[in-house]
Structures are given as structure tokens and as C-alpha cells.
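Enquirer: As input, take data_27.cif (mmCIF, N, CA, C and O atoms):
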```
data_query
loop_
_atom_site.group_PDB
_atom_site.id
_atom_site.type_symbol
_atom_site.label_atom_id
_atom_site.label_comp_id
_atom_site.auth_asym_id
_atom_site.auth_seq_id
_atom_site.Cartn_x
_atom_site.Cartn_y
_atom_site.Cartn_z
ATOM 1 N N MET G 1 18.268 -0.298 23.571
ATOM 2 C CA MET G 1 17.370 -0.336 22.444
ATOM 3 C C MET G 1 17.506 0.933 21.630
ATOM 4 O O MET G 1 17.506 2.018 22.167
ATOM 5 N N ALA G 2 17.610 0.767 20.357
ATOM 6 C CA ALA G 2 17.683 1.901 19.454
ATOM 7 C C ALA G 2 16.267 2.366 19.125
ATOM 8 O O ALA G 2 15.370 1.559 18.904
ATOM 9 N N SER G 3 16.083 3.671 19.104
ATOM 10 C CA SER G 3 14.757 4.195 18.779
ATOM 11 C C SER G 3 14.646 4.394 17.278
ATOM 12 O O SER G 3 15.622 4.699 16.597
ATOM 13 N N LYS G 4 13.439 4.196 16.757
ATOM 14 C CA LYS G 4 13.214 4.366 15.322
ATOM 15 C C LYS G 4 13.069 5.848 15.023
ATOM 16 O O LYS G 4 12.372 6.569 15.726
ATOM 17 N N LYS G 5 13.736 6.288 13.974
ATOM 18 C CA LYS G 5 13.676 7.675 13.555
ATOM 19 C C LYS G 5 12.568 7.832 12.528
ATOM 20 O O LYS G 5 12.526 7.095 11.546
ATOM 21 N N LYS G 6 11.658 8.784 12.746
ATOM 22 C CA LYS G 6 10.581 9.021 11.792
ATOM 23 C C LYS G 6 11.097 9.864 10.647
ATOM 24 O O LYS G 6 11.683 10.913 10.853
ATOM 25 N N THR G 7 10.887 9.385 9.446
ATOM 26 C CA THR G 7 11.289 10.121 8.259
ATOM 27 C C THR G 7 10.050 10.454 7.438
ATOM 28 O O THR G 7 8.950 9.974 7.720
ATOM 29 N N ALA G 8 10.244 11.267 6.418
ATOM 30 C CA ALA G 8 9.124 11.657 5.559
ATOM 31 C C ALA G 8 8.683 10.508 4.668
ATOM 32 O O ALA G 8 7.528 10.425 4.274
ATOM 33 N N VAL G 9 9.604 9.588 4.356
ATOM 34 C CA VAL G 9 9.288 8.468 3.467
ATOM 35 C C VAL G 9 9.012 7.225 4.304
ATOM 36 O O VAL G 9 9.787 6.876 5.189
ATOM 37 N N GLU G 10 7.893 6.581 4.041
ATOM 38 C CA GLU G 10 7.547 5.361 4.772
ATOM 39 C C GLU G 10 7.181 4.252 3.795
ATOM 40 O O GLU G 10 6.731 4.512 2.686
ATOM 41 N N ILE G 11 7.363 3.017 4.221
ATOM 42 C CA ILE G 11 7.024 1.845 3.407
ATOM 43 C C ILE G 11 5.587 1.453 3.713
ATOM 44 O O ILE G 11 5.212 1.314 4.880
ATOM 45 N N ILE G 12 4.787 1.276 2.661
ATOM 46 C CA ILE G 12 3.386 0.901 2.821
ATOM 47 C C ILE G 12 3.097 -0.325 1.968
ATOM 48 O O ILE G 12 3.859 -0.671 1.073
ATOM 49 N N ALA G 13 1.987 -1.001 2.251
ATOM 50 C CA ALA G 13 1.518 -2.141 1.465
ATOM 51 C C ALA G 13 0.209 -1.753 0.788
ATOM 52 O O ALA G 13 -0.569 -0.962 1.320
ATOM 53 N N LEU G 14 -0.029 -2.309 -0.395
ATOM 54 C CA LEU G 14 -1.274 -2.079 -1.114
ATOM 55 C C LEU G 14 -2.112 -3.358 -1.054
ATOM 56 O O LEU G 14 -1.637 -4.434 -1.395
ATOM 57 N N GLN G 15 -3.358 -3.217 -0.597
ATOM 58 C CA GLN G 15 -4.233 -4.359 -0.356
ATOM 59 C C GLN G 15 -5.415 -4.335 -1.307
ATOM 60 O O GLN G 15 -6.029 -3.292 -1.522
ATOM 61 N N CYS G 16 -5.736 -5.510 -1.856
ATOM 62 C CA CYS G 16 -6.904 -5.665 -2.730
ATOM 63 C C CYS G 16 -8.172 -5.648 -1.870
ATOM 64 O O CYS G 16 -8.256 -6.380 -0.885
ATOM 65 N N PRO G 17 -9.173 -4.840 -2.227
ATOM 66 C CA PRO G 17 -10.393 -4.784 -1.409
ATOM 67 C C PRO G 17 -11.291 -6.016 -1.554
ATOM 68 O O PRO G 17 -12.090 -6.307 -0.675
ATOM 69 N N GLU G 18 -11.149 -6.773 -2.635
ATOM 70 C CA GLU G 18 -12.024 -7.927 -2.862
ATOM 71 C C GLU G 18 -11.528 -9.180 -2.146
ATOM 72 O O GLU G 18 -12.288 -9.839 -1.447
ATOM 73 N N CYS G 19 -10.248 -9.526 -2.315
ATOM 74 C CA CYS G 19 -9.734 -10.762 -1.711
ATOM 75 C C CYS G 19 -8.919 -10.497 -0.442
ATOM 76 O O CYS G 19 -8.494 -11.434 0.218
ATOM 77 N N LYS G 20 -8.681 -9.225 -0.099
ATOM 78 C CA LYS G 20 -7.985 -8.802 1.129
ATOM 79 C C LYS G 20 -6.529 -9.248 1.204
ATOM 80 O O LYS G 20 -5.962 -9.332 2.277
ATOM 81 N N ASN G 21 -5.900 -9.553 0.063
ATOM 82 C CA ASN G 21 -4.489 -9.917 0.041
ATOM 83 C C ASN G 21 -3.641 -8.675 -0.158
ATOM 84 O O ASN G 21 -4.001 -7.779 -0.915
ATOM 85 N N LYS G 22 -2.494 -8.637 0.530
ATOM 86 C CA LYS G 22 -1.534 -7.557 0.359
ATOM 87 C C LYS G 22 -0.572 -7.973 -0.745
ATOM 88 O O LYS G 22 0.303 -8.798 -0.539
ATOM 89 N N ASN G 23 -0.752 -7.399 -1.935
ATOM 90 C CA ASN G 23 -0.024 -7.842 -3.114
ATOM 91 C C ASN G 23 1.229 -7.037 -3.400
ATOM 92 O O ASN G 23 2.185 -7.571 -3.940
ATOM 93 N N TYR G 24 1.251 -5.762 -3.083
ATOM 94 C CA TYR G 24 2.346 -4.883 -3.468
ATOM 95 C C TYR G 24 2.851 -4.089 -2.268
ATOM 96 O O TYR G 24 2.082 -3.775 -1.356
ATOM 97 N N THR G 25 4.136 -3.738 -2.292
ATOM 98 C CA THR G 25 4.699 -2.798 -1.329
ATOM 99 C C THR G 25 5.331 -1.658 -2.111
ATOM 100 O O THR G 25 5.853 -1.850 -3.207
ATOM 101 N N THR G 26 5.271 -0.467 -1.541
ATOM 102 C CA THR G 26 5.820 0.718 -2.175
ATOM 103 C C THR G 26 6.172 1.730 -1.102
ATOM 104 O O THR G 26 5.915 1.501 0.087
ATOM 105 N N THR G 27 6.765 2.832 -1.490
ATOM 106 C CA THR G 27 7.089 3.893 -0.547
ATOM 107 C C THR G 27 6.186 5.088 -0.800
ATOM 108 O O THR G 27 5.693 5.289 -1.914
ATOM 109 N N LYS G 28 5.990 5.880 0.260
ATOM 110 C CA LYS G 28 5.134 7.051 0.166
ATOM 111 C C LYS G 28 5.793 8.187 0.926
ATOM 112 O O LYS G 28 6.261 7.993 2.049
ATOM 113 N N ASN G 29 5.855 9.364 0.317
ATOM 114 C CA ASN G 29 6.375 10.542 0.979
ATOM 115 C C ASN G 29 5.209 11.225 1.697
ATOM 116 O O ASN G 29 4.268 11.704 1.062
ATOM 117 N N ARG G 30 5.264 11.268 3.036
ATOM 118 C CA ARG G 30 4.154 11.813 3.812
ATOM 119 C C ARG G 30 3.986 13.318 3.636
ATOM 120 O O ARG G 30 2.906 13.842 3.862
ATOM 121 N N LYS G 31 5.036 14.013 3.226
ATOM 122 C CA LYS G 31 4.926 15.459 3.026
ATOM 123 C C LYS G 31 4.154 15.787 1.754
ATOM 124 O O LYS G 31 3.436 16.779 1.695
ATOM 125 N N ASN G 32 4.289 14.967 0.723
ATOM 126 C CA ASN G 32 3.618 15.227 -0.550
ATOM 127 C C ASN G 32 2.224 14.641 -0.621
ATOM 128 O O ASN G 32 1.324 15.235 -1.215
ATOM 129 N N ILE G 33 2.006 13.468 -0.050
ATOM 130 C CA ILE G 33 0.720 12.765 -0.118
ATOM 131 C C ILE G 33 0.136 12.717 1.289
ATOM 132 O O ILE G 33 0.649 12.022 2.163
ATOM 133 N N GLN G 34 -0.957 13.444 1.528
ATOM 134 C CA GLN G 34 -1.536 13.553 2.863
ATOM 135 C C GLN G 34 -2.464 12.383 3.198
ATOM 136 O O GLN G 34 -2.382 11.805 4.260
ATOM 137 N N GLY G 35 -3.359 12.025 2.283
ATOM 138 C CA GLY G 35 -4.351 10.988 2.556
ATOM 139 C C GLY G 35 -3.836 9.594 2.254
ATOM 140 O O GLY G 35 -2.640 9.364 2.082
ATOM 141 N N LYS G 36 -4.760 8.632 2.190
ATOM 142 C CA LYS G 36 -4.404 7.252 1.862
ATOM 143 C C LYS G 36 -4.200 7.107 0.363
ATOM 144 O O LYS G 36 -4.944 7.651 -0.436
ATOM 145 N N LEU G 37 -3.203 6.322 -0.008
ATOM 146 C CA LEU G 37 -2.852 6.111 -1.403
ATOM 147 C C LEU G 37 -3.744 5.023 -2.005
ATOM 148 O O LEU G 37 -3.995 3.999 -1.371
ATOM 149 N N GLU G 38 -4.234 5.267 -3.229
ATOM 150 C CA GLU G 38 -5.027 4.280 -3.965
ATOM 151 C C GLU G 38 -4.472 4.183 -5.377
ATOM 152 O O GLU G 38 -4.262 5.193 -6.035
ATOM 153 N N LYS G 39 -4.247 2.954 -5.843
ATOM 154 C CA LYS G 39 -3.743 2.731 -7.195
ATOM 155 C C LYS G 39 -4.498 1.588 -7.831
ATOM 156 O O LYS G 39 -4.840 0.611 -7.164
ATOM 157 N N ASN G 40 -4.741 1.714 -9.119
ATOM 158 C CA ASN G 40 -5.391 0.654 -9.870
ATOM 159 C C ASN G 40 -4.313 -0.349 -10.300
ATOM 160 O O ASN G 40 -3.503 -0.043 -11.163
ATOM 161 N N LYS G 41 -4.278 -1.532 -9.659
ATOM 162 C CA LYS G 41 -3.242 -2.529 -9.897
ATOM 163 C C LYS G 41 -3.879 -3.874 -10.225
ATOM 164 O O LYS G 41 -5.033 -4.125 -9.907
ATOM 165 N N TYR G 42 -3.082 -4.761 -10.808
ATOM 166 C CA TYR G 42 -3.531 -6.112 -11.138
ATOM 167 C C TYR G 42 -3.398 -7.000 -9.904
ATOM 168 O O TYR G 42 -2.346 -7.062 -9.275
ATOM 169 N N CYS G 43 -4.455 -7.718 -9.570
ATOM 170 C CA CYS G 43 -4.442 -8.676 -8.460
ATOM 171 C C CYS G 43 -4.293 -10.078 -9.049
ATOM 172 O O CYS G 43 -5.172 -10.544 -9.771
ATOM 173 N N PRO G 44 -3.192 -10.787 -8.743
ATOM 174 C CA PRO G 44 -3.004 -12.125 -9.305
ATOM 175 C C PRO G 44 -3.968 -13.161 -8.715
ATOM 176 O O PRO G 44 -4.214 -14.189 -9.343
ATOM 177 N N PHE G 45 -4.538 -12.907 -7.547
ATOM 178 C CA PHE G 45 -5.474 -13.855 -6.937
ATOM 179 C C PHE G 45 -6.872 -13.706 -7.528
ATOM 180 O O PHE G 45 -7.561 -14.696 -7.761
ATOM 181 N N CYS G 46 -7.298 -12.460 -7.784
ATOM 182 C CA CYS G 46 -8.607 -12.221 -8.406
ATOM 183 C C CYS G 46 -8.543 -12.304 -9.931
ATOM 184 O O CYS G 46 -9.571 -12.425 -10.593
ATOM 185 N N ARG G 47 -7.336 -12.199 -10.476
ATOM 186 C CA ARG G 47 -7.078 -12.206 -11.919
ATOM 187 C C ARG G 47 -7.778 -11.062 -12.644
ATOM 188 O O ARG G 47 -8.329 -11.224 -13.734
ATOM 189 N N LYS G 48 -7.771 -9.871 -12.028
ATOM 190 C CA LYS G 48 -8.311 -8.674 -12.666
ATOM 191 C C LYS G 48 -7.729 -7.436 -11.993
ATOM 192 O O LYS G 48 -7.108 -7.533 -10.938
ATOM 193 N N GLU G 49 -7.921 -6.294 -12.625
ATOM 194 C CA GLU G 49 -7.447 -5.042 -12.056
ATOM 195 C C GLU G 49 -8.459 -4.517 -11.052
ATOM 196 O O GLU G 49 -9.649 -4.442 -11.349
ATOM 197 N N THR G 50 -7.973 -4.165 -9.866
ATOM 198 C CA THR G 50 -8.816 -3.593 -8.832
ATOM 199 C C THR G 50 -8.118 -2.384 -8.234
ATOM 200 O O THR G 50 -6.912 -2.212 -8.387
ATOM 201 N N MET G 51 -8.861 -1.543 -7.543
ATOM 202 C CA MET G 51 -8.309 -0.358 -6.898
ATOM 203 C C MET G 51 -7.710 -0.770 -5.552
ATOM 204 O O MET G 51 -8.426 -1.046 -4.599
ATOM 205 N N HIS G 52 -6.383 -0.875 -5.487
ATOM 206 C CA HIS G 52 -5.687 -1.277 -4.269
ATOM 207 C C HIS G 52 -5.546 -0.081 -3.337
ATOM 208 O O HIS G 52 -5.246 1.029 -3.792
ATOM 209 N N LYS G 53 -5.750 -0.296 -2.037
ATOM 210 C CA LYS G 53 -5.696 0.776 -1.056
ATOM 211 C C LYS G 53 -4.522 0.568 -0.104
ATOM 212 O O LYS G 53 -4.088 -0.553 0.134
ATOM 213 N N GLU G 54 -4.067 1.644 0.460
ATOM 214 C CA GLU G 54 -2.907 1.630 1.351
ATOM 215 C C GLU G 54 -3.230 0.998 2.707
ATOM 216 O O GLU G 54 -4.272 1.276 3.295
ATOM 217 N N THR G 55 -2.320 0.141 3.181
ATOM 218 C CA THR G 55 -2.385 -0.414 4.527
ATOM 219 C C THR G 55 -0.969 -0.411 5.098
ATOM 220 O O THR G 55 -0.010 -0.110 4.403
ATOM 221 N N LYS G 56 -0.835 -0.746 6.359
ATOM 222 C CA LYS G 56 0.473 -0.781 6.985
ATOM 223 C C LYS G 56 1.251 -2.030 6.559
ATOM 224 O O LYS G 56 0.692 -3.107 6.470
ATOM 225 N N ALA G 57 2.528 -1.851 6.312
ATOM 226 C CA ALA G 57 3.414 -2.983 6.011
ATOM 227 C C ALA G 57 4.047 -3.450 7.305
ATOM 228 O O ALA G 57 4.321 -2.660 8.198
ATOM 229 N N LYS G 58 4.281 -4.720 7.422
ATOM 230 C CA LYS G 58 4.871 -5.256 8.653
ATOM 231 C C LYS G 58 6.338 -4.983 8.719
ATOM 232 O O LYS G 58 7.075 -4.923 7.850
#
```
Please go through the file and, once you have read it, give me the structure as C-alpha cells.

Expert:
Amino acid sequence: MASKKKTAVEIIALQCPECKNKNYTTTKNRKNIQGKLEKNKYCPFCRKETMHKETKAK
């Protein structure tokens, strides 16, 4: 089994707080951004802009 190498850049998912759908994926540099990432994005299920929060991507 190959072991996973931890890097500074990780793939994350952005989740809508209202409908709980994971709509977007993006990368985050852990050295530059310490806390959880939040972005104001459009949710196609709610049909409005909401503040999407960072969650783990599968």
C-alpha cells in the first residue's frame, strides 16, 4: 500500500448552509489560510447567493 503524502495544498468542497448540498470544489493552501474557507457563491438548488463553507471532499 502506498502512503498518502501530505502537501500544503488540499482539495476541499464548498457546502451551502441552507440546502446542505456540496456545490463547488476548490483547492486551499493550508500555509496561507489557517481557518475554514467561506465564499459567497451561487447555489443552483436554492437559486440565490449564499455563504458557502468549507467541508471535506471525498

Enquirer: List the residues matched by the PyMOL selection byres (((chain G and resi 24 and name CA) around 10) and name CA) in the displayed structure as a list in words, ordered by chain and then by residue number.

Expert: Ile12, Ala13, Leu14, Gln15, Cys16, Asn21, Lys22, Asn23, Thr25, Thr26, Lys41, Tyr42, Cys43, His52, Glu54 and Ala57 of chain G

Enquirer: Just the number, please: distance in Å from atom N of G:Arg30 to atom CA of G:Thr50, one decimal.

Expert: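 According to the coordinates, atom N of G:Arg30 and atom CA of G:Thr50 are separated by 23.7 Å.
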
Enquirer: Have a look at atom CA of G:Asn40 and atom N of G:Lys58 and let me know their distance in Å, one decimal.

Expert: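 Computing it gives 20.5 Å between the two atoms.
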
Enquirer: Rounded to one decimal place, report the atom CA of G:Gln34-atom CA of G:Met51 distance in Å.

Expert: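 Separating atom CA of G:Gln34 from atom CA of G:Met51 is a distance of 18.3 Å.
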
Enquirer: To test your reading of the structure, identify every residue in chain G that backbone DSSP assigns to strand (DSSP E), and report it as a VMD selection string.

Expert: chain G and resid 9 to 15 22 to 29 38 to 43 48 to 56

Enquirer: So what does the PyMOL selection byres ((chain G and resi 8) around 8) actually pick up in this one, as a PDB file with N, CA, C and O atoms, keeping the file's coordinate frame?

Expert:
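Output file part-v4.pdb follows:
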```pdb
ATOM      1  N   LYS G   5      13.736   6.288  13.974  1.00  0.00           N
ATOM      2  CA  LYS G   5      13.676   7.675  13.555  1.00  0.00           C
ATOM      3  C   LYS G   5      12.568   7.832  12.528  1.00  0.00           C
ATOM      4  O   LYS G   5      12.526   7.095  11.546  1.00  0.00           O
ATOM      5  N   LYS G   6      11.658   8.784  12.746  1.00  0.00           N
ATOM      6  CA  LYS G   6      10.581   9.021  11.792  1.00  0.00           C
ATOM      7  C   LYS G   6      11.097   9.864  10.647  1.00  0.00           C
ATOM      8  O   LYS G   6      11.683  10.913  10.853  1.00  0.00           O
ATOM      9  N   THR G   7      10.887   9.385   9.446  1.00  0.00           N
ATOM     10  CA  THR G   7      11.289  10.121   8.259  1.00  0.00           C
ATOM     11  C   THR G   7      10.050  10.454   7.438  1.00  0.00           C
ATOM     12  O   THR G   7       8.950   9.974   7.720  1.00  0.00           O
ATOM     13  N   VAL G   9       9.604   9.588   4.356  1.00  0.00           N
ATOM     14  CA  VAL G   9       9.288   8.468   3.467  1.00  0.00           C
ATOM     15  C   VAL G   9       9.012   7.225   4.304  1.00  0.00           C
ATOM     16  O   VAL G   9       9.787   6.876   5.189  1.00  0.00           O
ATOM     17  N   GLU G  10       7.893   6.581   4.041  1.00  0.00           N
ATOM     18  CA  GLU G  10       7.547   5.361   4.772  1.00  0.00           C
ATOM     19  C   GLU G  10       7.181   4.252   3.795  1.00  0.00           C
ATOM     20  O   GLU G  10       6.731   4.512   2.686  1.00  0.00           O
ATOM     21  N   ILE G  11       7.363   3.017   4.221  1.00  0.00           N
ATOM     22  CA  ILE G  11       7.024   1.845   3.407  1.00  0.00           C
ATOM     23  C   ILE G  11       5.587   1.453   3.713  1.00  0.00           C
ATOM     24  O   ILE G  11       5.212   1.314   4.880  1.00  0.00           O
ATOM     25  N   THR G  27       6.765   2.832  -1.490  1.00  0.00           N
ATOM     26  CA  THR G  27       7.089   3.893  -0.547  1.00  0.00           C
ATOM     27  C   THR G  27       6.186   5.088  -0.800  1.00  0.00           C
ATOM     28  O   THR G  27       5.693   5.289  -1.914  1.00  0.00           O
ATOM     29  N   LYS G  28       5.990   5.880   0.260  1.00  0.00           N
ATOM     30  CA  LYS G  28       5.134   7.051   0.166  1.00  0.00           C
ATOM     31  C   LYS G  28       5.793   8.187   0.926  1.00  0.00           C
ATOM     32  O   LYS G  28       6.261   7.993   2.049  1.00  0.00           O
ATOM     33  N   ASN G  29       5.855   9.364   0.317  1.00  0.00           N
ATOM     34  CA  ASN G  29       6.375  10.542   0.979  1.00  0.00           C
ATOM     35  C   ASN G  29       5.209  11.225   1.697  1.00  0.00           C
ATOM     36  O   ASN G  29       4.268  11.704   1.062  1.00  0.00           O
ATOM     37  N   ARG G  30       5.264  11.268   3.036  1.00  0.00           N
ATOM     38  CA  ARG G  30       4.154  11.813   3.812  1.00  0.00           C
ATOM     39  C   ARG G  30       3.986  13.318   3.636  1.00  0.00           C
ATOM     40  O   ARG G  30       2.906  13.842   3.862  1.00  0.00           O
ATOM     41  N   LYS G  31       5.036  14.013   3.226  1.00  0.00           N
ATOM     42  CA  LYS G  31       4.926  15.459   3.026  1.00  0.00           C
ATOM     43  C   LYS G  31       4.154  15.787   1.754  1.00  0.00           C
ATOM     44  O   LYS G  31       3.436  16.779   1.695  1.00  0.00           O
ATOM     45  N   ASN G  32       4.289  14.967   0.723  1.00  0.00           N
ATOM     46  CA  ASN G  32       3.618  15.227  -0.550  1.00  0.00           C
ATOM     47  C   ASN G  32       2.224  14.641  -0.621  1.00  0.00           C
ATOM     48  O   ASN G  32       1.324  15.235  -1.215  1.00  0.00           O
ATOM     49  N   ILE G  33       2.006  13.468  -0.050  1.00  0.00           N
ATOM     50  CA  ILE G  33       0.720  12.765  -0.118  1.00  0.00           C
ATOM     51  C   ILE G  33       0.136  12.717   1.289  1.00  0.00           C
ATOM     52  O   ILE G  33       0.649  12.022   2.163  1.00  0.00           O
TER      53      ILE G  33
END
```

Enquirer: Take stretch 15-26 of chain G, bring it up to all heavy atoms, and give me the output as a tab-separated table (two decimals), in the coordinates of the input.

Expert:
```tsv
chain	number	residue	atom	x	y	z
G	15	GLN	N	-3.36	-3.22	-0.60
G	15	GLN	CA	-4.23	-4.36	-0.36
G	15	GLN	C	-5.42	-4.34	-1.31
G	15	GLN	O	-6.03	-3.29	-1.52
G	15	GLN	CB	-4.73	-4.32	1.08
G	15	GLN	CG	-5.60	-5.48	1.46
G	15	GLN	CD	-6.07	-5.40	2.90
G	15	GLN	OE1	-6.14	-4.32	3.46
G	15	GLN	NE2	-6.39	-6.53	3.47
G	16	CYS	N	-5.74	-5.51	-1.86
G	16	CYS	CA	-6.90	-5.66	-2.73
G	16	CYS	C	-8.17	-5.65	-1.87
G	16	CYS	O	-8.26	-6.38	-0.88
G	16	CYS	CB	-6.80	-6.98	-3.50
G	16	CYS	SG	-8.22	-7.31	-4.56
G	17	PRO	N	-9.17	-4.84	-2.23
G	17	PRO	CA	-10.39	-4.78	-1.41
G	17	PRO	C	-11.29	-6.02	-1.55
G	17	PRO	O	-12.09	-6.31	-0.68
G	17	PRO	CB	-11.11	-3.54	-1.92
G	17	PRO	CG	-10.62	-3.36	-3.31
G	17	PRO	CD	-9.21	-3.87	-3.31
G	18	GLU	N	-11.15	-6.77	-2.64
G	18	GLU	CA	-12.02	-7.93	-2.86
G	18	GLU	C	-11.53	-9.18	-2.15
G	18	GLU	O	-12.29	-9.84	-1.45
G	18	GLU	CB	-12.17	-8.17	-4.35
G	18	GLU	CG	-12.91	-7.06	-5.05
G	18	GLU	CD	-13.12	-7.32	-6.53
G	18	GLU	OE1	-12.97	-8.48	-6.96
G	18	GLU	OE2	-13.42	-6.36	-7.25
G	19	CYS	N	-10.25	-9.53	-2.32
G	19	CYS	CA	-9.73	-10.76	-1.71
G	19	CYS	C	-8.92	-10.50	-0.44
G	19	CYS	O	-8.49	-11.43	0.22
G	19	CYS	CB	-8.90	-11.54	-2.72
G	19	CYS	SG	-7.42	-10.69	-3.26
G	20	LYS	N	-8.68	-9.22	-0.10
G	20	LYS	CA	-7.98	-8.80	1.13
G	20	LYS	C	-6.53	-9.25	1.20
G	20	LYS	O	-5.96	-9.33	2.28
G	20	LYS	CB	-8.72	-9.28	2.38
G	20	LYS	CG	-10.17	-8.89	2.46
G	20	LYS	CD	-10.36	-7.41	2.57
G	20	LYS	CE	-11.82	-7.08	2.81
G	20	LYS	NZ	-12.21	-5.83	2.25
G	21	ASN	N	-5.90	-9.55	0.06
G	21	ASN	CA	-4.49	-9.92	0.04
G	21	ASN	C	-3.64	-8.68	-0.16
G	21	ASN	O	-4.00	-7.78	-0.92
G	21	ASN	CB	-4.20	-10.90	-1.10
G	21	ASN	CG	-4.68	-12.28	-0.78
G	21	ASN	OD1	-4.59	-12.74	0.34
G	21	ASN	ND2	-5.22	-12.96	-1.77
G	22	LYS	N	-2.49	-8.64	0.53
G	22	LYS	CA	-1.53	-7.56	0.36
G	22	LYS	C	-0.57	-7.97	-0.74
G	22	LYS	O	0.30	-8.80	-0.54
G	22	LYS	CB	-0.80	-7.28	1.67
G	22	LYS	CG	-1.71	-6.73	2.73
G	22	LYS	CD	-0.97	-6.46	4.01
G	22	LYS	CE	-1.92	-5.96	5.07
G	22	LYS	NZ	-1.26	-5.74	6.35
G	23	ASN	N	-0.75	-7.40	-1.94
G	23	ASN	CA	-0.02	-7.84	-3.11
G	23	ASN	C	1.23	-7.04	-3.40
G	23	ASN	O	2.18	-7.57	-3.94
G	23	ASN	CB	-0.94	-7.77	-4.34
G	23	ASN	CG	-2.15	-8.64	-4.20
G	23	ASN	OD1	-2.08	-9.71	-3.64
G	23	ASN	ND2	-3.28	-8.17	-4.68
G	24	TYR	N	1.25	-5.76	-3.08
G	24	TYR	CA	2.35	-4.88	-3.47
G	24	TYR	C	2.85	-4.09	-2.27
G	24	TYR	O	2.08	-3.78	-1.36
G	24	TYR	CB	1.88	-3.89	-4.54
G	24	TYR	CG	1.43	-4.54	-5.82
G	24	TYR	CD1	0.08	-4.77	-6.07
G	24	TYR	CD2	2.34	-4.93	-6.78
G	24	TYR	CE1	-0.34	-5.36	-7.24
G	24	TYR	CE2	1.94	-5.53	-7.95
G	24	TYR	CZ	0.59	-5.74	-8.18
G	24	TYR	OH	0.19	-6.33	-9.34
G	25	THR	N	4.14	-3.74	-2.29
G	25	THR	CA	4.70	-2.80	-1.33
G	25	THR	C	5.33	-1.66	-2.11
G	25	THR	O	5.85	-1.85	-3.21
G	25	THR	CB	5.77	-3.45	-0.43
G	25	THR	OG1	6.78	-4.00	-1.25
G	25	THR	CG2	5.17	-4.52	0.46
G	26	THR	N	5.27	-0.47	-1.54
G	26	THR	CA	5.82	0.72	-2.17
G	26	THR	C	6.17	1.73	-1.10
G	26	THR	O	5.92	1.50	0.09
G	26	THR	CB	4.81	1.31	-3.19
G	26	THR	OG1	5.44	2.38	-3.89
G	26	THR	CG2	3.55	1.78	-2.53
```
